[in-house]
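Student: Sending over coords.cif (mmCIF, N, CA and C atoms).
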```cif
data_structure
#
loop_
_atom_site.label_atom_id
_atom_site.label_comp_id
_atom_site.auth_asym_id
_atom_site.auth_seq_id
_atom_site.Cartn_x
_atom_site.Cartn_y
_atom_site.Cartn_z
N MET A 1 -3.81 -19.55 13.41
CA MET A 1 -3.41 -18.59 12.39
C MET A 1 -2.76 -17.40 13.09
N PHE A 2 -1.65 -16.94 12.54
CA PHE A 2 -0.95 -15.77 13.05
C PHE A 2 -1.10 -14.63 12.04
N GLU A 3 -1.18 -13.41 12.55
CA GLU A 3 -1.24 -12.23 11.70
C GLU A 3 -0.29 -11.19 12.24
N LEU A 4 0.48 -10.58 11.34
CA LEU A 4 1.35 -9.47 11.69
C LEU A 4 0.98 -8.27 10.85
N LYS A 5 1.26 -7.09 11.40
CA LYS A 5 1.00 -5.85 10.67
C LYS A 5 2.23 -4.96 10.78
N ALA A 6 2.60 -4.34 9.66
CA ALA A 6 3.66 -3.33 9.66
C ALA A 6 3.09 -2.07 9.03
N GLN A 7 3.62 -0.92 9.46
CA GLN A 7 3.15 0.37 8.95
C GLN A 7 4.33 1.18 8.42
N MET A 8 4.03 1.99 7.43
CA MET A 8 5.04 2.89 6.87
C MET A 8 4.30 4.03 6.17
N TYR A 9 4.96 5.16 6.03
CA TYR A 9 4.37 6.33 5.39
C TYR A 9 5.05 6.63 4.06
N PHE A 10 4.30 7.26 3.17
CA PHE A 10 4.89 7.89 1.99
C PHE A 10 4.08 9.14 1.67
N SER A 11 4.72 10.06 0.96
CA SER A 11 4.07 11.32 0.58
C SER A 11 4.07 11.41 -0.94
N ALA A 12 2.95 11.82 -1.49
CA ALA A 12 2.85 11.94 -2.95
C ALA A 12 1.66 12.82 -3.32
N ALA A 13 1.67 13.24 -4.57
CA ALA A 13 0.57 14.03 -5.12
C ALA A 13 -0.24 13.17 -6.08
N HIS A 14 -1.49 13.55 -6.26
CA HIS A 14 -2.35 12.90 -7.26
C HIS A 14 -3.57 13.78 -7.50
N HIS A 15 -4.32 13.43 -8.51
CA HIS A 15 -5.64 14.01 -8.72
C HIS A 15 -6.52 12.91 -9.31
N LEU A 16 -7.79 12.97 -8.97
CA LEU A 16 -8.71 11.93 -9.41
C LEU A 16 -9.27 12.27 -10.79
N LEU A 17 -9.38 11.26 -11.60
CA LEU A 17 -9.97 11.39 -12.93
C LEU A 17 -11.47 11.08 -12.85
N ASN A 18 -12.23 11.64 -13.77
CA ASN A 18 -13.68 11.38 -13.82
C ASN A 18 -14.37 11.69 -12.50
N TYR A 19 -13.93 12.73 -11.85
CA TYR A 19 -14.45 13.12 -10.53
C TYR A 19 -14.74 14.61 -10.56
N GLU A 20 -15.88 14.99 -10.00
CA GLU A 20 -16.22 16.40 -9.90
C GLU A 20 -16.13 16.82 -8.44
N GLY A 21 -15.23 17.72 -8.15
CA GLY A 21 -15.04 18.19 -6.79
C GLY A 21 -13.58 18.56 -6.57
N GLU A 22 -13.26 18.89 -5.34
CA GLU A 22 -11.91 19.36 -5.02
C GLU A 22 -10.82 18.36 -5.39
N CYS A 23 -11.11 17.08 -5.30
CA CYS A 23 -10.07 16.07 -5.53
C CYS A 23 -9.73 15.87 -7.01
N GLU A 24 -10.45 16.55 -7.90
CA GLU A 24 -10.06 16.51 -9.31
C GLU A 24 -8.84 17.40 -9.55
N ASN A 25 -8.54 18.26 -8.57
CA ASN A 25 -7.36 19.12 -8.64
C ASN A 25 -6.16 18.43 -7.99
N GLN A 26 -5.00 18.75 -8.49
CA GLN A 26 -3.76 18.21 -7.92
C GLN A 26 -3.69 18.53 -6.44
N HIS A 27 -3.41 17.52 -5.62
CA HIS A 27 -3.24 17.70 -4.18
C HIS A 27 -2.37 16.56 -3.66
N GLY A 28 -1.95 16.67 -2.43
CA GLY A 28 -1.07 15.65 -1.87
C GLY A 28 -1.57 15.09 -0.56
N HIS A 29 -0.99 13.95 -0.20
CA HIS A 29 -1.29 13.29 1.07
C HIS A 29 0.00 12.75 1.65
N ASN A 30 -0.02 12.58 2.94
CA ASN A 30 0.97 11.77 3.64
C ASN A 30 0.25 10.47 3.99
N TRP A 31 0.35 9.50 3.10
CA TRP A 31 -0.37 8.25 3.26
C TRP A 31 0.29 7.37 4.31
N LEU A 32 -0.54 6.77 5.16
CA LEU A 32 -0.11 5.71 6.06
C LEU A 32 -0.49 4.39 5.39
N VAL A 33 0.48 3.51 5.24
CA VAL A 33 0.23 2.21 4.63
C VAL A 33 0.40 1.14 5.69
N GLU A 34 -0.59 0.26 5.80
CA GLU A 34 -0.53 -0.89 6.69
C GLU A 34 -0.54 -2.14 5.84
N VAL A 35 0.38 -3.04 6.11
CA VAL A 35 0.41 -4.31 5.41
C VAL A 35 0.24 -5.43 6.43
N PHE A 36 -0.53 -6.43 6.03
CA PHE A 36 -0.84 -7.56 6.90
C PHE A 36 -0.35 -8.84 6.26
N VAL A 37 0.24 -9.71 7.06
CA VAL A 37 0.63 -11.04 6.61
C VAL A 37 0.00 -12.05 7.54
N VAL A 38 -0.35 -13.21 6.99
CA VAL A 38 -0.96 -14.27 7.79
C VAL A 38 -0.31 -15.61 7.46
N GLY A 39 -0.34 -16.50 8.42
CA GLY A 39 0.19 -17.84 8.20
C GLY A 39 0.09 -18.70 9.44
N ASN A 40 0.23 -19.98 9.24
CA ASN A 40 0.19 -20.95 10.34
C ASN A 40 1.57 -21.40 10.78
N GLU A 41 2.55 -21.28 9.88
CA GLU A 41 3.88 -21.82 10.13
C GLU A 41 4.84 -20.75 10.63
N LEU A 42 5.43 -21.00 11.80
CA LEU A 42 6.46 -20.12 12.33
C LEU A 42 7.81 -20.73 12.04
N ASP A 43 8.84 -19.88 11.97
CA ASP A 43 10.19 -20.40 11.74
C ASP A 43 10.78 -20.90 13.05
N LYS A 44 12.06 -21.27 13.03
CA LYS A 44 12.70 -21.83 14.22
C LYS A 44 12.81 -20.83 15.36
N SER A 45 12.66 -19.53 15.05
CA SER A 45 12.65 -18.49 16.08
C SER A 45 11.24 -18.18 16.55
N ASN A 46 10.28 -18.94 16.04
CA ASN A 46 8.86 -18.73 16.35
C ASN A 46 8.35 -17.39 15.87
N ILE A 47 8.78 -16.99 14.66
CA ILE A 47 8.24 -15.79 14.04
C ILE A 47 7.68 -16.15 12.67
N LEU A 48 6.66 -15.43 12.28
CA LEU A 48 6.01 -15.66 10.99
C LEU A 48 6.87 -15.10 9.85
N ILE A 49 7.33 -13.87 10.02
CA ILE A 49 8.24 -13.21 9.07
C ILE A 49 9.00 -12.17 9.87
N ASP A 50 10.23 -11.98 9.52
CA ASP A 50 11.05 -10.97 10.18
C ASP A 50 10.52 -9.59 9.78
N TYR A 51 10.23 -8.75 10.76
CA TYR A 51 9.75 -7.40 10.47
C TYR A 51 10.73 -6.64 9.58
N LYS A 52 12.02 -6.89 9.76
CA LYS A 52 13.03 -6.21 8.94
C LYS A 52 12.83 -6.54 7.47
N VAL A 53 12.55 -7.80 7.18
CA VAL A 53 12.33 -8.23 5.79
C VAL A 53 11.05 -7.58 5.24
N LEU A 54 9.99 -7.65 6.02
CA LEU A 54 8.71 -7.09 5.59
C LEU A 54 8.83 -5.59 5.32
N LYS A 55 9.47 -4.88 6.22
CA LYS A 55 9.62 -3.42 6.06
C LYS A 55 10.56 -3.07 4.92
N LYS A 56 11.59 -3.85 4.71
CA LYS A 56 12.51 -3.60 3.60
C LYS A 56 11.77 -3.72 2.27
N GLU A 57 10.97 -4.77 2.12
CA GLU A 57 10.23 -4.98 0.88
C GLU A 57 9.14 -3.94 0.70
N LEU A 58 8.47 -3.55 1.79
CA LEU A 58 7.46 -2.51 1.72
C LEU A 58 8.10 -1.19 1.31
N LYS A 59 9.23 -0.85 1.90
CA LYS A 59 9.91 0.40 1.55
C LYS A 59 10.26 0.43 0.07
N ALA A 60 10.71 -0.70 -0.47
CA ALA A 60 11.06 -0.75 -1.90
C ALA A 60 9.86 -0.42 -2.78
N VAL A 61 8.68 -0.89 -2.39
CA VAL A 61 7.46 -0.59 -3.15
C VAL A 61 7.07 0.87 -2.95
N LEU A 62 7.10 1.35 -1.72
CA LEU A 62 6.70 2.73 -1.46
C LEU A 62 7.66 3.73 -2.09
N ASP A 63 8.91 3.34 -2.28
CA ASP A 63 9.85 4.22 -2.97
C ASP A 63 9.42 4.50 -4.41
N LEU A 64 8.63 3.61 -4.99
CA LEU A 64 8.09 3.83 -6.34
C LEU A 64 7.07 4.96 -6.36
N LEU A 65 6.45 5.24 -5.20
CA LEU A 65 5.40 6.25 -5.08
C LEU A 65 5.84 7.52 -4.38
N ASP A 66 6.79 7.41 -3.48
CA ASP A 66 7.14 8.50 -2.59
C ASP A 66 7.64 9.73 -3.34
N HIS A 67 7.05 10.87 -3.00
CA HIS A 67 7.40 12.16 -3.58
C HIS A 67 7.27 12.18 -5.10
N LYS A 68 6.26 11.49 -5.58
CA LYS A 68 5.97 11.43 -7.01
C LYS A 68 4.57 12.01 -7.26
N ASP A 69 4.31 12.33 -8.52
CA ASP A 69 2.96 12.61 -8.99
C ASP A 69 2.43 11.25 -9.45
N ILE A 70 1.57 10.65 -8.68
CA ILE A 70 1.12 9.28 -8.94
C ILE A 70 0.46 9.17 -10.31
N ASN A 71 -0.23 10.20 -10.75
CA ASN A 71 -0.87 10.17 -12.06
C ASN A 71 0.12 9.95 -13.20
N GLU A 72 1.37 10.32 -12.99
CA GLU A 72 2.38 10.21 -14.04
C GLU A 72 3.08 8.85 -14.08
N LEU A 73 2.81 7.98 -13.12
CA LEU A 73 3.45 6.66 -13.09
C LEU A 73 2.79 5.73 -14.11
N PRO A 74 3.58 4.90 -14.79
CA PRO A 74 3.03 4.02 -15.84
C PRO A 74 1.85 3.15 -15.38
N TYR A 75 1.91 2.61 -14.17
CA TYR A 75 0.84 1.74 -13.68
C TYR A 75 -0.50 2.47 -13.66
N PHE A 76 -0.48 3.77 -13.40
CA PHE A 76 -1.72 4.54 -13.25
C PHE A 76 -2.11 5.30 -14.52
N GLU A 77 -1.44 5.01 -15.62
CA GLU A 77 -1.75 5.70 -16.86
C GLU A 77 -3.20 5.44 -17.27
N GLY A 78 -3.98 6.52 -17.36
CA GLY A 78 -5.36 6.42 -17.79
C GLY A 78 -6.35 5.96 -16.74
N ILE A 79 -5.88 5.70 -15.51
CA ILE A 79 -6.82 5.32 -14.44
C ILE A 79 -6.71 6.32 -13.30
N SER A 80 -7.78 6.45 -12.57
CA SER A 80 -7.81 7.38 -11.45
C SER A 80 -7.07 6.77 -10.26
N PRO A 81 -6.01 7.43 -9.79
CA PRO A 81 -5.22 6.88 -8.69
C PRO A 81 -5.85 7.14 -7.32
N SER A 82 -6.99 6.54 -7.12
CA SER A 82 -7.69 6.64 -5.83
C SER A 82 -6.94 5.83 -4.78
N SER A 83 -7.30 6.02 -3.54
CA SER A 83 -6.69 5.22 -2.47
C SER A 83 -6.96 3.73 -2.70
N GLU A 84 -8.11 3.41 -3.27
CA GLU A 84 -8.42 2.01 -3.57
C GLU A 84 -7.40 1.44 -4.55
N MET A 85 -7.11 2.20 -5.61
CA MET A 85 -6.17 1.70 -6.63
C MET A 85 -4.73 1.73 -6.13
N ILE A 86 -4.42 2.66 -5.26
CA ILE A 86 -3.08 2.69 -4.67
C ILE A 86 -2.88 1.48 -3.78
N SER A 87 -3.90 1.11 -3.00
CA SER A 87 -3.78 -0.08 -2.15
C SER A 87 -3.62 -1.34 -3.01
N LYS A 88 -4.31 -1.41 -4.13
CA LYS A 88 -4.17 -2.56 -5.04
C LYS A 88 -2.77 -2.60 -5.65
N PHE A 89 -2.25 -1.45 -6.05
CA PHE A 89 -0.90 -1.39 -6.61
C PHE A 89 0.12 -1.89 -5.59
N ILE A 90 0.06 -1.37 -4.37
CA ILE A 90 1.02 -1.78 -3.34
C ILE A 90 0.89 -3.28 -3.08
N TYR A 91 -0.33 -3.77 -2.98
CA TYR A 91 -0.55 -5.21 -2.77
C TYR A 91 0.09 -6.02 -3.89
N SER A 92 -0.19 -5.65 -5.13
CA SER A 92 0.31 -6.40 -6.29
C SER A 92 1.84 -6.44 -6.33
N GLU A 93 2.46 -5.31 -6.05
CA GLU A 93 3.92 -5.25 -6.07
C GLU A 93 4.54 -6.00 -4.90
N LEU A 94 3.97 -5.83 -3.72
CA LEU A 94 4.53 -6.47 -2.52
C LEU A 94 4.32 -7.98 -2.53
N LYS A 95 3.21 -8.43 -3.09
CA LYS A 95 2.90 -9.87 -3.15
C LYS A 95 3.96 -10.63 -3.96
N LYS A 96 4.64 -9.96 -4.87
CA LYS A 96 5.71 -10.60 -5.64
C LYS A 96 6.84 -11.08 -4.73
N LYS A 97 7.05 -10.40 -3.62
CA LYS A 97 8.14 -10.74 -2.69
C LYS A 97 7.66 -11.39 -1.40
N ILE A 98 6.47 -11.02 -0.95
CA ILE A 98 5.94 -11.51 0.33
C ILE A 98 4.72 -12.37 0.02
N LYS A 99 4.91 -13.66 -0.10
CA LYS A 99 3.84 -14.57 -0.52
C LYS A 99 2.72 -14.69 0.51
N ILE A 100 3.02 -14.42 1.79
CA ILE A 100 2.00 -14.55 2.83
C ILE A 100 1.25 -13.24 3.08
N LEU A 101 1.44 -12.26 2.19
CA LEU A 101 0.72 -11.00 2.29
C LEU A 101 -0.78 -11.26 2.20
N SER A 102 -1.55 -10.66 3.09
CA SER A 102 -3.00 -10.89 3.07
C SER A 102 -3.81 -9.63 2.76
N LYS A 103 -3.29 -8.45 3.12
CA LYS A 103 -4.08 -7.23 2.91
C LYS A 103 -3.18 -6.02 2.98
N VAL A 104 -3.56 -4.99 2.23
CA VAL A 104 -2.90 -3.68 2.29
C VAL A 104 -3.97 -2.64 2.53
N SER A 105 -3.75 -1.79 3.52
CA SER A 105 -4.65 -0.67 3.79
C SER A 105 -3.88 0.63 3.60
N VAL A 106 -4.54 1.59 2.96
CA VAL A 106 -3.95 2.89 2.66
C VAL A 106 -4.83 3.96 3.28
N TRP A 107 -4.26 4.70 4.20
CA TRP A 107 -4.97 5.79 4.88
C TRP A 107 -4.54 7.10 4.25
N GLU A 108 -5.49 7.84 3.65
CA GLU A 108 -5.13 9.15 3.11
C GLU A 108 -5.35 10.25 4.13
N THR A 109 -6.17 9.98 5.13
CA THR A 109 -6.32 10.85 6.30
C THR A 109 -6.46 9.94 7.51
N SER A 110 -6.50 10.52 8.69
CA SER A 110 -6.62 9.70 9.90
C SER A 110 -8.00 9.06 10.04
N THR A 111 -8.95 9.45 9.19
CA THR A 111 -10.30 8.90 9.28
C THR A 111 -10.77 8.22 8.00
N SER A 112 -9.90 8.13 6.97
CA SER A 112 -10.31 7.59 5.68
C SER A 112 -9.29 6.57 5.18
N CYS A 113 -9.76 5.35 4.97
CA CYS A 113 -8.89 4.24 4.63
C CYS A 113 -9.50 3.39 3.53
N ALA A 114 -8.66 2.91 2.60
CA ALA A 114 -9.09 1.93 1.60
C ALA A 114 -8.17 0.72 1.72
N SER A 115 -8.73 -0.47 1.54
CA SER A 115 -7.95 -1.70 1.65
C SER A 115 -8.13 -2.55 0.41
N TYR A 116 -7.11 -3.37 0.13
CA TYR A 116 -7.19 -4.34 -0.95
C TYR A 116 -6.68 -5.68 -0.44
N TYR A 117 -7.42 -6.74 -0.77
CA TYR A 117 -7.01 -8.10 -0.46
C TYR A 117 -7.67 -9.03 -1.47
N GLU A 118 -7.14 -10.23 -1.57
CA GLU A 118 -7.68 -11.23 -2.47
C GLU A 118 -8.17 -12.42 -1.66
N ASN A 119 -9.18 -13.10 -2.19
CA ASN A 119 -9.69 -14.31 -1.52
C ASN A 119 -8.94 -15.52 -1.99
#
```
Using the file provided, produce a representation of the structure as structure tokens.
Tutor:
Amino acid sequence: MFELKAQMYFSAAHHLLNYEGECENQHGHNWLVEVFVVGNELDKSNILIDYKVLKKELKAVLDLLDHKDINELPYFEGISPSSEMISKFIYSELKKKIKILSKVSVWETSTSCASYYEN
């Protein structure tokens, strides 16, 4: 089994719903997003997926979030846009294009990360 990881950043604002504390107020992050792909089959160049393709598709998804108020996006209407839900959103959107996607991790700080994957 082979696994690749690509990273990219986006910046956005959000506030948590049904939460008591500082994060219930509007604030922003520079999120680091890590995406993982896995597979057994390599192409004729012995690569699992071209990093250019993976990063292009990831950028297209992150452009939906970048420099936005995440709470105002239709996908997050009525739900708290936590890092957990942001990782699920990115996974769901990216999986439409990258079938071998295995996991998405979203870091809101250098010490705090949420991941989403399916079995």
Student: Could you name the residues that touch Val104 in chain A at 6 Å or less, counting all atoms listed in the file, but leaving out those on the same chain fewer than 4 positions away, as an MDAnalysis selection string?
Tutor: chainID A and resid 34:36 87 91 114:117
Student: For Gly39 in chain A, please output as a ChimeraX atom specification all residues within 12 Å (counting only C-alpha atoms; exclusion window: fewer than 6 positions along the same chain).
Tutor: /A:1-4,46-49,98-102
Student: Take the residues just selected and output them with N, CA and C atoms as a CSV table (one decimal), in the coordinates of the input.
Tutor:
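Printed below is again_12.csv as written:
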```csv
chain,number,residue,atom,x,y,z
A,1,MET,N,-3.8,-19.6,13.4
A,1,MET,CA,-3.4,-18.6,12.4
A,1,MET,C,-2.8,-17.4,13.1
A,2,PHE,N,-1.6,-16.9,12.5
A,2,PHE,CA,-1.0,-15.8,13.0
A,2,PHE,C,-1.1,-14.6,12.0
A,3,GLU,N,-1.2,-13.4,12.6
A,3,GLU,CA,-1.2,-12.2,11.7
A,3,GLU,C,-0.3,-11.2,12.2
A,4,LEU,N,0.5,-10.6,11.3
A,4,LEU,CA,1.4,-9.5,11.7
A,4,LEU,C,1.0,-8.3,10.8
A,46,ASN,N,10.3,-18.9,16.0
A,46,ASN,CA,8.9,-18.7,16.4
A,46,ASN,C,8.4,-17.4,15.9
A,47,ILE,N,8.8,-17.0,14.7
A,47,ILE,CA,8.2,-15.8,14.0
A,47,ILE,C,7.7,-16.2,12.7
A,48,LEU,N,6.7,-15.4,12.3
A,48,LEU,CA,6.0,-15.7,11.0
A,48,LEU,C,6.9,-15.1,9.8
A,49,ILE,N,7.3,-13.9,10.0
A,49,ILE,CA,8.2,-13.2,9.1
A,49,ILE,C,9.0,-12.2,9.9
A,98,ILE,N,6.5,-11.0,-1.0
A,98,ILE,CA,5.9,-11.5,0.3
A,98,ILE,C,4.7,-12.4,0.0
A,99,LYS,N,4.9,-13.7,-0.1
A,99,LYS,CA,3.8,-14.6,-0.5
A,99,LYS,C,2.7,-14.7,0.5
A,100,ILE,N,3.0,-14.4,1.8
A,100,ILE,CA,2.0,-14.6,2.8
A,100,ILE,C,1.2,-13.2,3.1
A,101,LEU,N,1.4,-12.3,2.2
A,101,LEU,CA,0.7,-11.0,2.3
A,101,LEU,C,-0.8,-11.3,2.2
A,102,SER,N,-1.6,-10.7,3.1
A,102,SER,CA,-3.0,-10.9,3.1
A,102,SER,C,-3.8,-9.6,2.8
```
Student: I'd like the box whose edges run along x, y and z of the file and which contains every listed atom of range 35-51 of chain A, padded by 6 Å per side; could you state its centre and edge lengths in Å, one decimal, as AutoDock Vina command-line options?
Tutor:
```
--center_x 5.9 --center_y -12.4 --center_z 11.0 --size_x 25.8 --size_y 30.8 --size_z 23.1
```
Student: Which residues, protein or nucleic acid, reach to within 6 Å of (1.3, 8.6, -3.8) in the file's coordinates when using all atoms listed in the file, and can you give that as an NGL selection string?
Tutor: :A and (11-13 or 65-66 or 68 or 70)
Student: How many Å separate CA of Asp69 in chain A from CA of Pro81 in chain A?
Tutor: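 For CA of Asp69 in chain A relative to CA of Pro81 in chain A, the distance reads 10.0 Å.
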Student: Enumerate, as a list in words, the residues matched when the PyMOL selection byres (((chain A and resi 7 and name CA) around 10) and name CA) is run on the file above.
Tutor: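 Selected by the PyMOL selection byres (((chain A and resi 7 and name CA) around 10) and name CA) here: Lys5, Ala6, Met8, Tyr9, Leu32, Val33, Glu34, Val35, Phe36, Leu54, Lys55, Leu58, Val104, Ser105 and Val106 of chain A.
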Student: Go ahead and save the picked residues with N, CA and C atoms, as a short mmCIF file (atom, residue, chain, number, x, y, z; two decimals), in the coordinates of the input.
Tutor:
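Produced file result_0.cif, reproduced below:
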```cif
data_model
loop_
_atom_site.label_atom_id
_atom_site.label_comp_id
_atom_site.auth_asym_id
_atom_site.auth_seq_id
_atom_site.Cartn_x
_atom_site.Cartn_y
_atom_site.Cartn_z
N LYS A 5 1.26 -7.09 11.40
CA LYS A 5 1.00 -5.85 10.67
C LYS A 5 2.23 -4.96 10.78
N ALA A 6 2.60 -4.34 9.66
CA ALA A 6 3.66 -3.33 9.66
C ALA A 6 3.09 -2.07 9.03
N MET A 8 4.03 1.99 7.43
CA MET A 8 5.04 2.89 6.87
C MET A 8 4.30 4.03 6.17
N TYR A 9 4.96 5.16 6.03
CA TYR A 9 4.37 6.33 5.39
C TYR A 9 5.05 6.63 4.06
N LEU A 32 -0.54 6.77 5.16
CA LEU A 32 -0.11 5.71 6.06
C LEU A 32 -0.49 4.39 5.39
N VAL A 33 0.48 3.51 5.24
CA VAL A 33 0.23 2.21 4.63
C VAL A 33 0.40 1.14 5.69
N GLU A 34 -0.59 0.26 5.80
CA GLU A 34 -0.53 -0.89 6.69
C GLU A 34 -0.54 -2.14 5.84
N VAL A 35 0.38 -3.04 6.11
CA VAL A 35 0.41 -4.31 5.41
C VAL A 35 0.24 -5.43 6.43
N PHE A 36 -0.53 -6.43 6.03
CA PHE A 36 -0.84 -7.56 6.90
C PHE A 36 -0.35 -8.84 6.26
N LEU A 54 9.99 -7.65 6.02
CA LEU A 54 8.71 -7.09 5.59
C LEU A 54 8.83 -5.59 5.32
N LYS A 55 9.47 -4.88 6.22
CA LYS A 55 9.62 -3.42 6.06
C LYS A 55 10.56 -3.07 4.92
N LEU A 58 8.47 -3.55 1.79
CA LEU A 58 7.46 -2.51 1.72
C LEU A 58 8.10 -1.19 1.31
N VAL A 104 -3.56 -4.99 2.23
CA VAL A 104 -2.90 -3.68 2.29
C VAL A 104 -3.97 -2.64 2.53
N SER A 105 -3.75 -1.79 3.52
CA SER A 105 -4.65 -0.67 3.79
C SER A 105 -3.88 0.63 3.60
N VAL A 106 -4.54 1.59 2.96
CA VAL A 106 -3.95 2.89 2.66
C VAL A 106 -4.83 3.96 3.28
#
```
Student: Write down as a tab-separated table (two decimals) with N, CA and C atoms, in the frame of the given file the residues belonging to chain A that are assigned alpha helix (DSSP H) by DSSP computed on the backbone.
Tutor:
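In the end it all went to states18.tsv:
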```
chain	number	residue	atom	x	y	z
A	51	TYR	N	10.23	-8.75	10.76
A	51	TYR	CA	9.75	-7.40	10.47
A	51	TYR	C	10.73	-6.64	9.58
A	52	LYS	N	12.02	-6.89	9.76
A	52	LYS	CA	13.03	-6.21	8.94
A	52	LYS	C	12.83	-6.54	7.47
A	53	VAL	N	12.55	-7.80	7.18
A	53	VAL	CA	12.33	-8.23	5.79
A	53	VAL	C	11.05	-7.58	5.24
A	54	LEU	N	9.99	-7.65	6.02
A	54	LEU	CA	8.71	-7.09	5.59
A	54	LEU	C	8.83	-5.59	5.32
A	55	LYS	N	9.47	-4.88	6.22
A	55	LYS	CA	9.62	-3.42	6.06
A	55	LYS	C	10.56	-3.07	4.92
A	56	LYS	N	11.59	-3.85	4.71
A	56	LYS	CA	12.51	-3.60	3.60
A	56	LYS	C	11.77	-3.72	2.27
A	57	GLU	N	10.97	-4.77	2.12
A	57	GLU	CA	10.23	-4.98	0.88
A	57	GLU	C	9.14	-3.94	0.70
A	58	LEU	N	8.47	-3.55	1.79
A	58	LEU	CA	7.46	-2.51	1.72
A	58	LEU	C	8.10	-1.19	1.31
A	59	LYS	N	9.23	-0.85	1.90
A	59	LYS	CA	9.91	0.40	1.55
A	59	LYS	C	10.26	0.43	0.07
A	60	ALA	N	10.71	-0.70	-0.47
A	60	ALA	CA	11.06	-0.75	-1.90
A	60	ALA	C	9.86	-0.42	-2.78
A	61	VAL	N	8.68	-0.89	-2.39
A	61	VAL	CA	7.46	-0.59	-3.15
A	61	VAL	C	7.07	0.87	-2.95
A	62	LEU	N	7.10	1.35	-1.72
A	62	LEU	CA	6.70	2.73	-1.46
A	62	LEU	C	7.66	3.73	-2.09
A	83	SER	N	-7.30	6.02	-3.54
A	83	SER	CA	-6.69	5.22	-2.47
A	83	SER	C	-6.96	3.73	-2.70
A	84	GLU	N	-8.11	3.41	-3.27
A	84	GLU	CA	-8.42	2.01	-3.57
A	84	GLU	C	-7.40	1.44	-4.55
A	85	MET	N	-7.11	2.20	-5.61
A	85	MET	CA	-6.17	1.70	-6.63
A	85	MET	C	-4.73	1.73	-6.13
A	86	ILE	N	-4.42	2.66	-5.26
A	86	ILE	CA	-3.08	2.69	-4.67
A	86	ILE	C	-2.88	1.48	-3.78
A	87	SER	N	-3.90	1.11	-3.00
A	87	SER	CA	-3.78	-0.08	-2.15
A	87	SER	C	-3.62	-1.34	-3.01
A	88	LYS	N	-4.31	-1.41	-4.13
A	88	LYS	CA	-4.17	-2.56	-5.04
A	88	LYS	C	-2.77	-2.60	-5.65
A	89	PHE	N	-2.25	-1.45	-6.05
A	89	PHE	CA	-0.90	-1.39	-6.61
A	89	PHE	C	0.12	-1.89	-5.59
A	90	ILE	N	0.06	-1.37	-4.37
A	90	ILE	CA	1.02	-1.78	-3.34
A	90	ILE	C	0.89	-3.28	-3.08
A	91	TYR	N	-0.33	-3.77	-2.98
A	91	TYR	CA	-0.55	-5.21	-2.77
A	91	TYR	C	0.09	-6.02	-3.89
A	92	SER	N	-0.19	-5.65	-5.13
A	92	SER	CA	0.31	-6.40	-6.29
A	92	SER	C	1.84	-6.44	-6.33
A	93	GLU	N	2.46	-5.31	-6.05
A	93	GLU	CA	3.92	-5.25	-6.07
A	93	GLU	C	4.54	-6.00	-4.90
A	94	LEU	N	3.97	-5.83	-3.72
A	94	LEU	CA	4.53	-6.47	-2.52
A	94	LEU	C	4.32	-7.98	-2.53
A	95	LYS	N	3.21	-8.43	-3.09
A	95	LYS	CA	2.90	-9.87	-3.15
A	95	LYS	C	3.96	-10.63	-3.96
```
